[in-house]
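Colleague: Let me begin by handing over the structure; questions about it come next.
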Amino acid sequence: MLIARGQMIGDLEAVEVRDLLRRLAGKLFTAEGFAALLDGTDRDPAEVLGMLAHHGLVESGAERHTAPLVHGDGELVDEAVLWQNTIAGSALAKARIGTPMPRARAEALLAGVIERAGEVNGDPGQLFWVESIELFGSLSRPDTTRVGDVDLRVLIAHRYAGDALLDELARRWPGNAIDALNAATRELHRCLTGGSRKIDLQLDETISLPLPDGAQPVTVYTRQ
């Protein structure tokens, strides 16, 4: 995803919103924790949080899991509503300030992802299946000649389950199972993107996280 200086989201500059979402990336947070991030600014935390939710960048009702939790000092987090970035928010958190690229270059990057997905599925040593890839954003619109990043949502599935998964993780990444699973996911992400910063790829095991408002995803790959 690309953003430009001076671009606005609500009444905030897109760069400011991006930087705020970066601080929340991969975390759960409460309204009090969010407010603490805005200490020292003239922003009203409730208004900013509402604006982010209105634009589909954050969502409430998240379930507690192993992600770090941002909360207020002394807050009773067991009773608090938990928030998290959406896929759109995660994409914006990684957005670059830059200029669009020719469509042909973006299409070549997409073709590379699809090719590597096939290689992953054909490799018996992989931990995941790549079930499908959805394209959204500017490249998904056929009439767009210059596009931003290649925006993709990738449905993945584990090849192992239960104790077999834990054993395989321990064999490859000795130590904490959660850390090992995160390492495996990062490795898959690097493999699919080929290291390109112009590919914004979101891995999802459920295809449940919302896409940006108005996005019309196009399936460009399905595992055979």
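In the structure tokens, chains take letters A, B, ... by order of appearance, with residues numbered from 1 within each chain and ligands from 1 in the order shown.
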Between range 72-99 of chain A and range 193-206 of chain A, at 9 Å or less, what are the per-residue closest atom pairs and their distances in Å? Count only C-alpha atoms, order by chain and rising residue number, and return it as a Markdown table.

Modeller:
```
| residue | atom | partner | partner_atom | distance |
| --- | --- | --- | --- | --- |
| A:Ile87 | CA | A:Gln202 | CA | 7.1 |
| A:Ser90 | CA | A:Gln202 | CA | 8.3 |
| A:Ala91 | CA | A:Asp200 | CA | 6.7 |
| A:Lys94 | CA | A:Asp200 | CA | 7.9 |
| A:Ala95 | CA | A:Asp200 | CA | 8.5 |
| A:Arg96 | CA | A:Lys198 | CA | 8.8 |
```

Colleague: Can you list, as JSON, numbers by chain, every residue of range 47-219 of chain A that DSSP puts in strand (DSSP E or B)?

Modeller: {"A": [58, 59, 60, 69, 70, 83, 84, 85, 96, 97, 101, 102, 128, 129, 130, 131, 132, 133, 134, 135, 136, 146, 147, 150, 151, 152, 153, 154, 155, 156, 157, 158, 199, 200, 201, 202, 203, 204, 218, 219]}

Colleague: Write the residues of the preceding selection, restricted to N, CA and C atoms, as a tab-separated table (two decimals), in the first residue's frame.

Modeller:
```tsv
chain	number	residue	atom	x	y	z
A	58	VAL	N	-9.56	-0.73	12.59
A	58	VAL	CA	-9.50	-1.48	13.84
A	58	VAL	C	-10.88	-2.06	14.10
A	59	GLU	N	-10.93	-3.09	14.94
A	59	GLU	CA	-12.21	-3.69	15.28
A	59	GLU	C	-12.19	-4.13	16.73
A	60	SER	N	-13.36	-4.08	17.37
A	60	SER	CA	-13.48	-4.51	18.75
A	60	SER	C	-13.97	-5.95	18.79
A	69	LEU	N	-0.60	-7.31	24.98
A	69	LEU	CA	-1.80	-6.52	25.27
A	69	LEU	C	-1.40	-5.13	25.74
A	70	VAL	N	-1.91	-4.12	25.06
A	70	VAL	CA	-1.68	-2.72	25.44
A	70	VAL	C	-2.88	-2.28	26.28
A	83	TRP	N	-9.46	-4.72	21.41
A	83	TRP	CA	-9.43	-4.25	20.03
A	83	TRP	C	-8.20	-4.81	19.33
A	84	GLN	N	-8.25	-4.79	18.00
A	84	GLN	CA	-7.09	-5.18	17.21
A	84	GLN	C	-7.16	-4.52	15.84
A	85	ASN	N	-6.02	-4.45	15.16
A	85	ASN	CA	-6.02	-3.96	13.78
A	85	ASN	C	-6.73	-4.97	12.88
A	96	ARG	N	3.93	2.41	2.57
A	96	ARG	CA	5.10	3.20	2.23
A	96	ARG	C	4.66	4.54	1.65
A	97	ILE	N	5.52	5.53	1.84
A	97	ILE	CA	5.33	6.80	1.16
A	97	ILE	C	6.09	6.69	-0.15
A	101	MET	N	3.62	2.24	-9.32
A	101	MET	CA	4.46	1.57	-10.31
A	101	MET	C	3.61	1.17	-11.51
A	102	PRO	N	4.25	0.93	-12.66
A	102	PRO	CA	3.49	0.50	-13.84
A	102	PRO	C	2.77	-0.82	-13.57
A	128	PHE	N	2.97	-25.62	5.80
A	128	PHE	CA	1.66	-25.08	5.45
A	128	PHE	C	1.27	-25.46	4.03
A	129	TRP	N	-0.03	-25.48	3.80
A	129	TRP	CA	-0.58	-25.45	2.45
A	129	TRP	C	-1.00	-24.02	2.15
A	130	VAL	N	-0.77	-23.57	0.94
A	130	VAL	CA	-1.35	-22.32	0.46
A	130	VAL	C	-2.64	-22.70	-0.25
A	131	GLU	N	-3.76	-22.43	0.40
A	131	GLU	CA	-5.05	-22.88	-0.14
A	131	GLU	C	-5.55	-21.96	-1.25
A	132	SER	N	-5.42	-20.66	-1.05
A	132	SER	CA	-5.90	-19.72	-2.07
A	132	SER	C	-5.24	-18.37	-1.86
A	133	ILE	N	-5.24	-17.57	-2.91
A	133	ILE	CA	-4.72	-16.21	-2.86
A	133	ILE	C	-5.77	-15.28	-3.46
A	134	GLU	N	-6.09	-14.24	-2.73
A	134	GLU	CA	-7.02	-13.22	-3.21
A	134	GLU	C	-6.28	-11.91	-3.44
A	135	LEU	N	-6.54	-11.30	-4.56
A	135	LEU	CA	-5.98	-9.99	-4.90
A	135	LEU	C	-7.02	-8.92	-4.63
A	136	PHE	N	-6.60	-7.84	-3.97
A	136	PHE	CA	-7.49	-6.69	-3.81
A	136	PHE	C	-6.64	-5.43	-3.99
A	146	ARG	N	-1.47	2.44	-13.38
A	146	ARG	CA	-0.40	2.57	-12.40
A	146	ARG	C	-0.97	2.22	-11.04
A	147	VAL	N	-0.27	1.35	-10.33
A	147	VAL	CA	-0.83	0.79	-9.10
A	147	VAL	C	0.14	0.99	-7.94
A	150	VAL	N	1.17	-4.57	-4.38
A	150	VAL	CA	0.36	-5.73	-4.72
A	150	VAL	C	-0.26	-6.23	-3.42
A	151	ASP	N	-1.56	-6.01	-3.25
A	151	ASP	CA	-2.27	-6.33	-2.01
A	151	ASP	C	-2.89	-7.72	-2.11
A	152	LEU	N	-2.49	-8.61	-1.21
A	152	LEU	CA	-2.93	-10.01	-1.28
A	152	LEU	C	-3.38	-10.51	0.09
A	153	ARG	N	-4.42	-11.32	0.08
A	153	ARG	CA	-4.83	-12.07	1.26
A	153	ARG	C	-4.67	-13.55	0.93
A	154	VAL	N	-3.92	-14.26	1.76
A	154	VAL	CA	-3.56	-15.64	1.47
A	154	VAL	C	-4.14	-16.56	2.54
A	155	LEU	N	-4.96	-17.51	2.11
A	155	LEU	CA	-5.51	-18.51	3.01
A	155	LEU	C	-4.53	-19.67	3.11
A	156	ILE	N	-4.12	-19.98	4.34
A	156	ILE	CA	-3.17	-21.07	4.55
A	156	ILE	C	-3.78	-22.11	5.48
A	157	ALA	N	-3.22	-23.31	5.46
A	157	ALA	CA	-3.67	-24.39	6.33
A	157	ALA	C	-2.46	-25.18	6.80
A	158	HIS	N	-2.51	-25.65	8.04
A	158	HIS	CA	-1.42	-26.46	8.57
A	158	HIS	C	-1.42	-27.85	7.94
A	199	ILE	N	5.08	-6.02	-2.20
A	199	ILE	CA	4.02	-7.01	-2.05
A	199	ILE	C	3.52	-6.96	-0.61
A	200	ASP	N	2.27	-6.57	-0.44
A	200	ASP	CA	1.66	-6.51	0.89
A	200	ASP	C	0.78	-7.75	1.05
A	201	LEU	N	1.30	-8.73	1.74
A	201	LEU	CA	0.69	-10.05	1.79
A	201	LEU	C	0.24	-10.35	3.21
A	202	GLN	N	-1.05	-10.63	3.38
A	202	GLN	CA	-1.62	-10.95	4.68
A	202	GLN	C	-1.95	-12.44	4.73
A	203	LEU	N	-1.35	-13.15	5.69
A	203	LEU	CA	-1.64	-14.57	5.87
A	203	LEU	C	-2.83	-14.72	6.80
A	204	ASP	N	-3.76	-15.59	6.44
A	204	ASP	CA	-4.99	-15.77	7.21
A	204	ASP	C	-5.35	-17.25	7.18
A	218	VAL	N	-10.34	-10.63	-5.77
A	218	VAL	CA	-10.36	-11.53	-6.92
A	218	VAL	C	-9.45	-12.71	-6.60
A	219	THR	N	-9.98	-13.92	-6.69
A	219	THR	CA	-9.17	-15.10	-6.43
A	219	THR	C	-8.24	-15.35	-7.61
```

Colleague: Could you pull the residues within 8 Å of Gln126 in chain A, counting only C-alpha atoms, minus those fewer than 4 positions along the same chain, as a ChimeraX atom specification?

Modeller: /A:120-121,159

Colleague: Give me a file of those residues, with N, CA and C atoms, as a PDB file, in the first residue's frame.

Modeller:
```pdb
ATOM      1  N   VAL A 120       5.610 -23.962  -2.963  1.00  0.00           N
ATOM      2  CA  VAL A 120       5.378 -24.315  -1.558  1.00  0.00           C
ATOM      3  C   VAL A 120       4.499 -25.556  -1.472  1.00  0.00           C
ATOM      4  N   ASN A 121       3.420 -25.575  -2.242  1.00  0.00           N
ATOM      5  CA  ASN A 121       2.497 -26.708  -2.178  1.00  0.00           C
ATOM      6  C   ASN A 121       3.111 -27.989  -2.735  1.00  0.00           C
ATOM      7  N   ARG A 159      -0.248 -28.378   7.674  1.00  0.00           N
ATOM      8  CA  ARG A 159      -0.141 -29.749   7.175  1.00  0.00           C
ATOM      9  C   ARG A 159      -0.107 -30.750   8.327  1.00  0.00           C
TER      10      ARG A 159
END
```

Colleague: Kindly indicate which residue among A:Val81, A:Leu2, A:Ala184, A:Ile9 lies nearest to Leu28 in chain A, using only C-alpha atoms for the distances.

Modeller: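 Of A:Val81, A:Leu2, A:Ala184, A:Ile9, the one nearest Leu28 in chain A is A:Val81, counting only C-alpha atoms.
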
Colleague: Kindly give the distance, in Å, that separates CA of Gly72 in chain A and CA of Ala93 in chain A, rounded to a single decimal.

Modeller: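 Computing the Euclidean distance for CA of Gly72 in chain A and CA of Ala93 in chain A yields 22.3 Å.
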
Colleague: Any idea what the distance is between CA of Ala36 in chain A and CA of Asp179 in chain A?

Modeller: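 Between CA of Ala36 in chain A and CA of Asp179 in chain A the gap works out to 27.8 Å.
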